[in-house]
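**Q** Handing you a structure now.
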Amino acid sequence: MKGYRIAIVGATGAVGTKMIQMLEQSTLPIQEVRAFASKHSVGKTVFFRQKKVIIEALVPESFEEIDLALFSAGGSISKEFASEAVKHGAIVIDNTSYFRMDPNVPLVVPEVNKEDLKKHQGIIANPNCSTIQMMVALEPIRQKVGIERIIVSTYQAVSGAGAKAVFELEQQTQSYLNRLPKKEWQTDILPCGSDQKHYPLAFNALPQIDVFSEDDYTFEEWKMINETKKIMHDQTIKVVATCVRIPVVQGHSESIYVETKEKIDVSEVRELMEKASGVCLEDDPSQQIYPQALNSVNRKETFVGRIRKDPDIEKGLHLWVVSDNLLKGAAWNSVQIAETLHEMNLIHG
Ligand code: NAP
Ligand code: 3JN
């Protein structure tokens with residue numbers, strides 16, 4: 001085999017750009033990378049291993065002679081084109097939420113449930129970024145002592161909302177530093193492009209990611225709840241989330257409270273984290289060592305620290321978990337799924 005022919009759908013976006021980088025560093029045998037984006041980008045170029053790749057328009061025939069298609073152009077594009085890719089014989093790894101809760105689609109974090117890949121029928125879903133890093137950190141605890149309940153609050157970076165949202169935060173920050181009145185700040189996208197009202201994020205914190213559902217939770221919060229149960233194969237785990245956007249460019253942080261089924265000491269949790277695949281333990285309060293979003297940028301690991309026993313609840317633990325939302329939260333997890341499919345001999349090219 002000469003290597004895989006890979007399509008990147010959404011190649012110019014915040015996630016797609018990182019997918020190209022992750023593929024450049026990948027151990028996968030790669031014959032060709034093709035890049036797709038909207039009509040506004042057709043004809044522009046991206047680079048893969050120093051070679052020019054011309055951006056193409058997406059049509060159903062785009063997937064002829066493609067082995068693997070990585071999608072990150074939004075749910076409506078996945079809805080329209082993922083099945084076309086499968087029809088043409090490609091395996092789809094989809095970064096959008098469109099297929100995540102479909103019972104026929106594995107939702108995979110390789111450190112946690114790579115065995116689910118064996119059941120794929122052409123489409124594999126990449127979980128939401130906030131879910132992924134929580135799963136990497138909690139799976140070692142779940143395996144050792146079981147998990148009863150999770151209460152998580154997120155501190156999410158603006159790059160999770162796309163390339164235009166990063167630009168908006170930069171503009172707002174400049175406006176603040178130039179002492180422009182707030183009414184003159186650019187507020188077109190955040191907290192959520194498709195919602196009615198927009199607020200400044202610079203020097204602010206916005207407790208809204210995605211739109212609200214009728215029960216007053218946001219869809220981001222529901223994604224964390226539902227995806228956790230599916231990935232951990234346990235509908236009985238109690239999960240609740242509060243998702244907050246903060247003015248950080250890259251790297252999501254999470255404060256996680258977890259109640260275990262059996263007792264476990266902090267020292268044992270630290271040992272588990274030291275050995276866990278994909279985890280980097282950074283936990284030494286005496287030396288002010290703890291995970292920080294800035295230090296997570298361009299790293300593939302999930303950083304875990306501030307591990308403490310709850311003062312009142314015997315089986316309660318608190319953790320601070322940080323990861324690069326564009327890498328482990330999106331592009332790296334997708335490429336890692338592709339590498340795992342290859343290692344498990346599940347790509348029939
Ligand atoms: P982004 O920066 O706005 O990029 C969107 C990408 O989609 C661009 O490449 C854009 O091309 C392309 N696109 C738009 N319309 C298209 C069309 N009709 N045909 C083909 N390509 C089209 O957004 P992002 O942050 O990269 O996120 C993209 C998607 O990835 C999101 O909508 C979401 O579903 C998913 N995502 C997942 C996670 C996660 O947690 N796993 C995190 C973030 C995003 P142009 O540059 O030409 O407009
Ligand atoms: O906001 C973040 O930090 C993560 C955003 C993820 C996202 C953004 C737009 C659409 C998603 C996602 O992956 O859940 C989607 C979506 O596909 O629903």
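Letters for chains follow the order of the structure tokens (A, B, ...), residue numbers begin at 1 for each chain, and ligand numbers begin at 1 in the order shown.
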Could you name the residues that touch region 256-266 of chain A at 6 Å or less, counting only C-alpha atoms, but leaving out those on the same chain fewer than 2 positions away, as number ranges by chain?
**A** A: 145-152, 254, 268-269, 315-319
**Q** Show me which residues sit within 6 Å of ligand 1 when counting only C-alpha atoms and all ligand atoms, and put them as a short mmCIF file (atom, residue, chain, number, x, y, z; two decimals) with N, CA and C atoms, in the first residue's frame.
**A**
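This is the output file out.cif:
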data_model
loop_
_atom_site.label_atom_id
_atom_site.label_comp_id
_atom_site.auth_asym_id
_atom_site.auth_seq_id
_atom_site.Cartn_x
_atom_site.Cartn_y
_atom_site.Cartn_z
N VAL A 9 -12.11 18.19 5.39
CA VAL A 9 -13.26 19.04 5.06
C VAL A 9 -13.37 20.12 6.14
N GLY A 10 -13.17 21.38 5.71
CA GLY A 10 -13.08 22.49 6.67
C GLY A 10 -11.61 22.82 6.93
N ALA A 11 -10.79 22.64 5.88
CA ALA A 11 -9.32 22.69 6.04
C ALA A 11 -8.79 24.07 6.41
N THR A 12 -9.59 25.13 6.19
CA THR A 12 -9.09 26.48 6.50
C THR A 12 -9.50 26.94 7.89
N GLY A 13 -10.29 26.13 8.60
CA GLY A 13 -10.84 26.56 9.89
C GLY A 13 -9.87 26.38 11.05
N ALA A 14 -10.33 26.80 12.24
CA ALA A 14 -9.50 26.69 13.44
C ALA A 14 -9.13 25.22 13.68
N VAL A 15 -10.07 24.30 13.50
CA VAL A 15 -9.80 22.88 13.72
C VAL A 15 -9.07 22.28 12.51
N GLY A 16 -9.56 22.58 11.29
CA GLY A 16 -8.98 22.00 10.08
C GLY A 16 -7.50 22.31 9.93
N PHE A 36 -10.64 20.69 1.53
CA PHE A 36 -11.93 21.23 1.10
C PHE A 36 -12.38 22.31 2.08
N ALA A 37 -12.99 23.36 1.52
CA ALA A 37 -13.54 24.43 2.38
C ALA A 37 -14.71 25.05 1.62
N SER A 38 -15.16 26.22 2.06
CA SER A 38 -16.32 26.84 1.41
C SER A 38 -15.89 27.45 0.07
N LYS A 39 -16.86 27.92 -0.67
CA LYS A 39 -16.54 28.47 -2.00
C LYS A 39 -15.64 29.71 -1.89
N HIS A 40 -15.67 30.39 -0.73
CA HIS A 40 -14.82 31.58 -0.56
C HIS A 40 -13.33 31.23 -0.58
N SER A 41 -13.02 30.00 -0.26
CA SER A 41 -11.60 29.61 -0.14
C SER A 41 -11.08 28.81 -1.33
N LEU A 58 -16.47 21.43 -2.23
CA LEU A 58 -16.96 20.11 -1.80
C LEU A 58 -18.17 19.70 -2.63
N SER A 72 -14.63 18.79 9.64
CA SER A 72 -14.82 19.83 10.68
C SER A 72 -15.28 21.11 10.00
N ALA A 73 -16.45 21.03 9.36
CA ALA A 73 -17.00 22.20 8.68
C ALA A 73 -18.42 22.48 9.17
N GLY A 74 -18.76 21.95 10.35
CA GLY A 74 -20.11 22.15 10.89
C GLY A 74 -21.04 20.99 10.60
N GLY A 75 -22.07 20.88 11.45
CA GLY A 75 -22.99 19.74 11.38
C GLY A 75 -23.73 19.62 10.06
N ASN A 95 -15.92 15.63 13.34
CA ASN A 95 -15.70 16.46 14.51
C ASN A 95 -16.94 17.20 14.99
N THR A 96 -18.03 17.11 14.26
CA THR A 96 -19.22 17.86 14.65
C THR A 96 -20.09 17.01 15.57
N ASN A 126 -16.06 12.21 16.73
CA ASN A 126 -15.10 12.77 17.70
C ASN A 126 -15.94 13.53 18.73
N PRO A 127 -15.76 13.28 20.02
CA PRO A 127 -16.60 13.98 21.01
C PRO A 127 -16.32 15.48 21.06
N ASN A 128 -17.12 16.18 21.82
CA ASN A 128 -16.90 17.60 22.09
C ASN A 128 -15.59 17.76 22.88
N CYS A 129 -14.90 18.87 22.62
CA CYS A 129 -13.59 19.09 23.26
C CYS A 129 -13.65 19.03 24.79
N GLY A 160 -12.43 27.66 20.56
CA GLY A 160 -13.49 26.66 20.44
C GLY A 160 -14.67 27.17 19.62
N ALA A 161 -14.80 28.50 19.54
CA ALA A 161 -15.91 29.09 18.79
C ALA A 161 -15.51 29.45 17.37
N GLY A 162 -14.30 29.07 16.95
CA GLY A 162 -13.89 29.26 15.55
C GLY A 162 -12.95 30.44 15.34
N ALA A 163 -12.38 30.47 14.13
CA ALA A 163 -11.35 31.46 13.81
C ALA A 163 -11.87 32.90 13.90
N GLY A 329 -8.74 18.20 22.05
CA GLY A 329 -10.17 18.44 21.98
C GLY A 329 -10.76 18.26 20.59
N ALA A 330 -9.93 18.23 19.57
CA ALA A 330 -10.47 18.16 18.20
C ALA A 330 -9.49 17.45 17.25
#
**Q** Enumerate the residues of region 199-348 of chain A with a DSSP assignment of strand (DSSP E or B), computed from the backbone, and present them as a PyMOL selection string.
**A** chain A and resi 206+212+218+238-245+252-260+279-281+284+289+302-309+316-323
**Q** Give me the residues near region 292-295 of chain A as a short mmCIF file (atom, residue, chain, number, x, y, z; two decimals) with N, CA and C atoms, in the first residue's frame, where near means some atom within 10 Å (using only C-alpha atoms) and where sequence neighbours in that chain fewer than 2 positions away do not count.
**A**
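Just written: out-v3.cif:
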data_model
loop_
_atom_site.label_atom_id
_atom_site.label_comp_id
_atom_site.auth_asym_id
_atom_site.auth_seq_id
_atom_site.Cartn_x
_atom_site.Cartn_y
_atom_site.Cartn_z
N TYR A 155 -13.95 26.36 31.75
CA TYR A 155 -13.41 27.69 31.49
C TYR A 155 -12.83 27.59 30.07
N GLN A 156 -13.69 27.85 29.06
CA GLN A 156 -13.34 27.47 27.69
C GLN A 156 -12.72 28.61 26.89
N ALA A 157 -11.71 28.24 26.12
CA ALA A 157 -10.98 29.20 25.27
C ALA A 157 -11.83 29.59 24.07
N VAL A 248 -9.46 33.49 26.94
CA VAL A 248 -8.21 32.76 26.70
C VAL A 248 -8.28 32.32 25.24
N VAL A 249 -7.18 32.33 24.51
CA VAL A 249 -7.27 31.97 23.08
C VAL A 249 -7.32 30.46 22.89
N GLN A 250 -6.42 29.74 23.53
CA GLN A 250 -6.34 28.29 23.29
C GLN A 250 -6.10 27.58 24.61
N GLY A 251 -6.79 26.45 24.82
CA GLY A 251 -6.63 25.65 26.04
C GLY A 251 -7.84 25.78 26.93
N HIS A 252 -8.62 24.70 27.00
CA HIS A 252 -9.78 24.68 27.89
C HIS A 252 -9.36 24.20 29.27
N SER A 253 -9.92 24.83 30.32
CA SER A 253 -9.68 24.40 31.69
C SER A 253 -11.00 23.93 32.29
N GLU A 282 0.46 17.41 36.81
CA GLU A 282 1.16 18.64 37.23
C GLU A 282 0.53 19.06 38.54
N ILE A 289 2.84 24.30 41.41
CA ILE A 289 2.75 23.59 40.13
C ILE A 289 1.32 23.12 39.93
N TYR A 290 0.72 23.58 38.84
CA TYR A 290 -0.64 23.17 38.47
C TYR A 290 -0.83 23.44 36.97
N VAL A 297 -0.85 24.79 25.23
CA VAL A 297 -0.97 25.08 23.79
C VAL A 297 0.02 24.24 22.98
N ASN A 298 -0.51 23.61 21.93
CA ASN A 298 0.27 22.75 21.02
C ASN A 298 0.79 21.48 21.70
N ARG A 299 0.21 21.11 22.83
CA ARG A 299 0.55 19.83 23.48
C ARG A 299 -0.63 18.88 23.29
N PHE A 303 -3.65 17.73 30.98
CA PHE A 303 -2.89 18.04 32.19
C PHE A 303 -3.83 18.01 33.41
N VAL A 304 -3.39 17.33 34.47
CA VAL A 304 -4.25 17.16 35.64
C VAL A 304 -3.49 17.63 36.89
N GLY A 305 -4.17 18.42 37.71
CA GLY A 305 -3.56 18.89 38.96
C GLY A 305 -4.62 19.31 39.96
N TRP A 320 -8.35 19.82 38.70
CA TRP A 320 -8.26 20.90 37.69
C TRP A 320 -7.63 20.28 36.44
N VAL A 321 -8.37 20.31 35.33
CA VAL A 321 -7.96 19.56 34.14
C VAL A 321 -7.88 20.52 32.95
N VAL A 322 -6.74 20.51 32.27
CA VAL A 322 -6.49 21.46 31.18
C VAL A 322 -5.99 20.72 29.94
N SER A 323 -6.47 21.13 28.76
CA SER A 323 -5.95 20.54 27.53
C SER A 323 -6.13 21.52 26.37
N ASP A 324 -5.32 21.34 25.34
CA ASP A 324 -5.45 22.17 24.14
C ASP A 324 -6.73 21.74 23.41
N ASN A 325 -7.72 22.62 23.42
CA ASN A 325 -9.04 22.28 22.83
C ASN A 325 -8.96 22.00 21.34
#
**Q** At a cut-off of 8 Å, can you tabulate as JSON lines every residue of region 246-347 of chain A near region 104-124 of chain A together with its closest atom pair and the distance in Å to one decimal, using only C-alpha atoms and ordering rows by chain then number?
**A**
{"residue": "A:Ser277", "atom": "CA", "partner": "A:Glu111", "partner_atom": "CA", "distance": 6.3}
{"residue": "A:Gly278", "atom": "CA", "partner": "A:Glu111", "partner_atom": "CA", "distance": 6.9}
{"residue": "A:Asn333", "atom": "CA", "partner": "A:Val109", "partner_atom": "CA", "distance": 6.8}
{"residue": "A:Gln336", "atom": "CA", "partner": "A:Pro110", "partner_atom": "CA", "distance": 7.1}
{"residue": "A:Ile337", "atom": "CA", "partner": "A:Pro110", "partner_atom": "CA", "distance": 6.3}
{"residue": "A:Thr340", "atom": "CA", "partner": "A:Pro110", "partner_atom": "CA", "distance": 7.2}
{"residue": "A:Leu341", "atom": "CA", "partner": "A:Leu117", "partner_atom": "CA", "distance": 7.1}
{"residue": "A:Leu346", "atom": "CA", "partner": "A:Lys118", "partner_atom": "CA", "distance": 7.1}
**Q** Mind writing the picked residues with N, CA, C and O atoms as a PDB file, in the first residue's frame?
**A**
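The resulting file, selection16.pdb, is reproduced below:
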ATOM      1  N   SER A 277      -2.442   6.815  30.229  1.00  0.00           N
ATOM      2  CA  SER A 277      -2.101   7.190  28.860  1.00  0.00           C
ATOM      3  C   SER A 277      -2.735   8.549  28.520  1.00  0.00           C
ATOM      4  O   SER A 277      -3.915   8.786  28.797  1.00  0.00           O
ATOM      5  N   GLY A 278      -1.949   9.438  27.957  1.00  0.00           N
ATOM      6  CA  GLY A 278      -2.462  10.744  27.520  1.00  0.00           C
ATOM      7  C   GLY A 278      -2.551  11.786  28.613  1.00  0.00           C
ATOM      8  O   GLY A 278      -2.954  12.921  28.358  1.00  0.00           O
ATOM      9  N   ASN A 333      -7.339  14.351  18.587  1.00  0.00           N
ATOM     10  CA  ASN A 333      -8.178  13.177  18.873  1.00  0.00           C
ATOM     11  C   ASN A 333      -8.631  12.512  17.571  1.00  0.00           C
ATOM     12  O   ASN A 333      -8.660  11.285  17.468  1.00  0.00           O
ATOM     13  N   GLN A 336      -5.640  10.795  16.053  1.00  0.00           N
ATOM     14  CA  GLN A 336      -5.347   9.639  16.926  1.00  0.00           C
ATOM     15  C   GLN A 336      -6.341   8.498  16.649  1.00  0.00           C
ATOM     16  O   GLN A 336      -5.961   7.324  16.644  1.00  0.00           O
ATOM     17  N   ILE A 337      -7.599   8.852  16.379  1.00  0.00           N
ATOM     18  CA  ILE A 337      -8.589   7.828  15.989  1.00  0.00           C
ATOM     19  C   ILE A 337      -8.136   7.160  14.692  1.00  0.00           C
ATOM     20  O   ILE A 337      -8.155   5.928  14.570  1.00  0.00           O
ATOM     21  N   THR A 340      -5.331   4.865  15.380  1.00  0.00           N
ATOM     22  CA  THR A 340      -5.795   3.677  16.114  1.00  0.00           C
ATOM     23  C   THR A 340      -6.514   2.719  15.165  1.00  0.00           C
ATOM     24  O   THR A 340      -6.331   1.497  15.248  1.00  0.00           O
ATOM     25  N   LEU A 341      -7.326   3.279  14.247  1.00  0.00           N
ATOM     26  CA  LEU A 341      -7.988   2.430  13.237  1.00  0.00           C
ATOM     27  C   LEU A 341      -6.937   1.668  12.434  1.00  0.00           C
ATOM     28  O   LEU A 341      -7.076   0.473  12.163  1.00  0.00           O
ATOM     29  N   LEU A 346      -8.418  -1.654  10.948  1.00  0.00           N
ATOM     30  CA  LEU A 346      -9.850  -1.436  10.697  1.00  0.00           C
ATOM     31  C   LEU A 346     -10.106  -0.528   9.496  1.00  0.00           C
ATOM     32  O   LEU A 346     -11.230  -0.115   9.261  1.00  0.00           O
TER      33      LEU A 346
END
**Q** Please, which residues of region 71-314 of chain A, numbered as in this document, come out alpha helix (DSSP H) from DSSP, as a PyMOL selection string?
**A** chain A and resi 75-87+110-113+129-145+163-177+219-231+266-275+293-296
**Q** Can you pull out the residues contacting Thr242 (chain A)? Cut-off 9 Å, using only C-alpha atoms, and skip same-chain residues under 5 positions away; I want them as a VMD selection string.
**A** chain A and resid 151 to 154 207 to 208 217 to 218 220 to 221
**Q** Any chance you can output those residues with all heavy atoms as a tab-separated table (two decimals), in the first residue's frame?
**A**
chain	number	residue	atom	x	y	z
A	151	ILE	N	-19.57	16.66	38.69
A	151	ILE	CA	-20.06	18.04	38.55
A	151	ILE	C	-18.89	18.84	37.98
A	151	ILE	O	-17.83	18.93	38.60
A	151	ILE	CB	-20.50	18.64	39.90
A	151	ILE	CG1	-21.59	17.77	40.55
A	151	ILE	CG2	-20.99	20.08	39.72
A	151	ILE	CD1	-22.02	18.20	41.95
A	152	VAL	N	-19.09	19.38	36.76
A	152	VAL	CA	-17.97	20.05	36.10
A	152	VAL	C	-18.34	21.49	35.73
A	152	VAL	O	-19.47	21.76	35.33
A	152	VAL	CB	-17.51	19.25	34.83
A	152	VAL	CG1	-18.65	18.99	33.87
A	152	VAL	CG2	-16.37	19.95	34.11
A	153	SER	N	-17.37	22.38	35.93
A	153	SER	CA	-17.50	23.76	35.43
A	153	SER	C	-16.34	23.98	34.47
A	153	SER	O	-15.19	23.70	34.83
A	153	SER	CB	-17.42	24.78	36.56
A	153	SER	OG	-18.50	24.57	37.44
A	154	THR	N	-16.65	24.49	33.27
A	154	THR	CA	-15.57	24.68	32.28
A	154	THR	C	-15.19	26.15	32.18
A	154	THR	O	-15.98	27.05	32.47
A	154	THR	CB	-16.01	24.20	30.88
A	154	THR	OG1	-17.02	25.07	30.38
A	154	THR	CG2	-16.53	22.77	30.91
A	207	PRO	N	-21.26	32.86	30.72
A	207	PRO	CA	-21.73	31.50	31.03
A	207	PRO	C	-22.70	30.98	29.97
A	207	PRO	O	-23.80	30.54	30.30
A	207	PRO	CB	-22.41	31.68	32.39
A	207	PRO	CG	-22.94	33.07	32.35
A	207	PRO	CD	-21.99	33.88	31.50
A	208	GLN	N	-22.28	31.06	28.72
A	208	GLN	CA	-23.09	30.52	27.62
A	208	GLN	C	-22.18	30.02	26.52
A	208	GLN	O	-21.45	30.80	25.89
A	208	GLN	CB	-24.03	31.59	27.02
A	208	GLN	CG	-24.86	31.00	25.88
A	208	GLN	CD	-25.66	32.00	25.07
A	208	GLN	OE1	-25.73	33.18	25.39
A	208	GLN	NE2	-26.25	31.52	23.99
A	217	TYR	N	-30.40	24.70	30.40
A	217	TYR	CA	-29.01	24.28	30.17
A	217	TYR	C	-28.66	24.66	28.73
A	217	TYR	O	-29.55	24.75	27.88
A	217	TYR	CB	-28.85	22.76	30.35
A	217	TYR	CG	-28.82	22.37	31.81
A	217	TYR	CD1	-30.00	22.17	32.53
A	217	TYR	CD2	-27.61	22.22	32.47
A	217	TYR	CE1	-29.97	21.85	33.88
A	217	TYR	CE2	-27.57	21.89	33.82
A	217	TYR	CZ	-28.75	21.70	34.52
A	217	TYR	OH	-28.71	21.39	35.83
A	218	THR	N	-27.35	24.85	28.46
A	218	THR	CA	-26.96	25.07	27.06
A	218	THR	C	-26.71	23.72	26.40
A	218	THR	O	-26.49	22.71	27.08
A	218	THR	CB	-25.67	25.91	26.96
A	218	THR	OG1	-24.61	25.19	27.57
A	218	THR	CG2	-25.83	27.27	27.61
A	220	GLU	N	-24.04	22.90	24.86
A	220	GLU	CA	-22.68	22.45	25.22
A	220	GLU	C	-22.75	21.63	26.52
A	220	GLU	O	-22.09	20.60	26.65
A	220	GLU	CB	-21.76	23.67	25.40
A	220	GLU	CG	-20.31	23.35	25.71
A	220	GLU	CD	-19.46	23.03	24.48
A	220	GLU	OE1	-20.02	22.88	23.38
A	220	GLU	OE2	-18.23	22.90	24.65
A	221	GLU	N	-23.55	22.10	27.47
A	221	GLU	CA	-23.68	21.39	28.75
A	221	GLU	C	-24.31	20.01	28.54
A	221	GLU	O	-23.85	19.00	29.08
A	221	GLU	CB	-24.46	22.26	29.74
A	221	GLU	CG	-23.63	23.48	30.16
A	221	GLU	CD	-24.40	24.67	30.73
A	221	GLU	OE1	-25.66	24.67	30.74
A	221	GLU	OE2	-23.73	25.64	31.15
**Q** My list of candidates is A:Glu168, A:Glu65, A:Asp94, A:Glu184. Which is closest to Ile77 (chain A) when distances are computed with only C-alpha atoms?
**A**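 Result for the nearest residue to Ile77 (chain A): A:Asp94.
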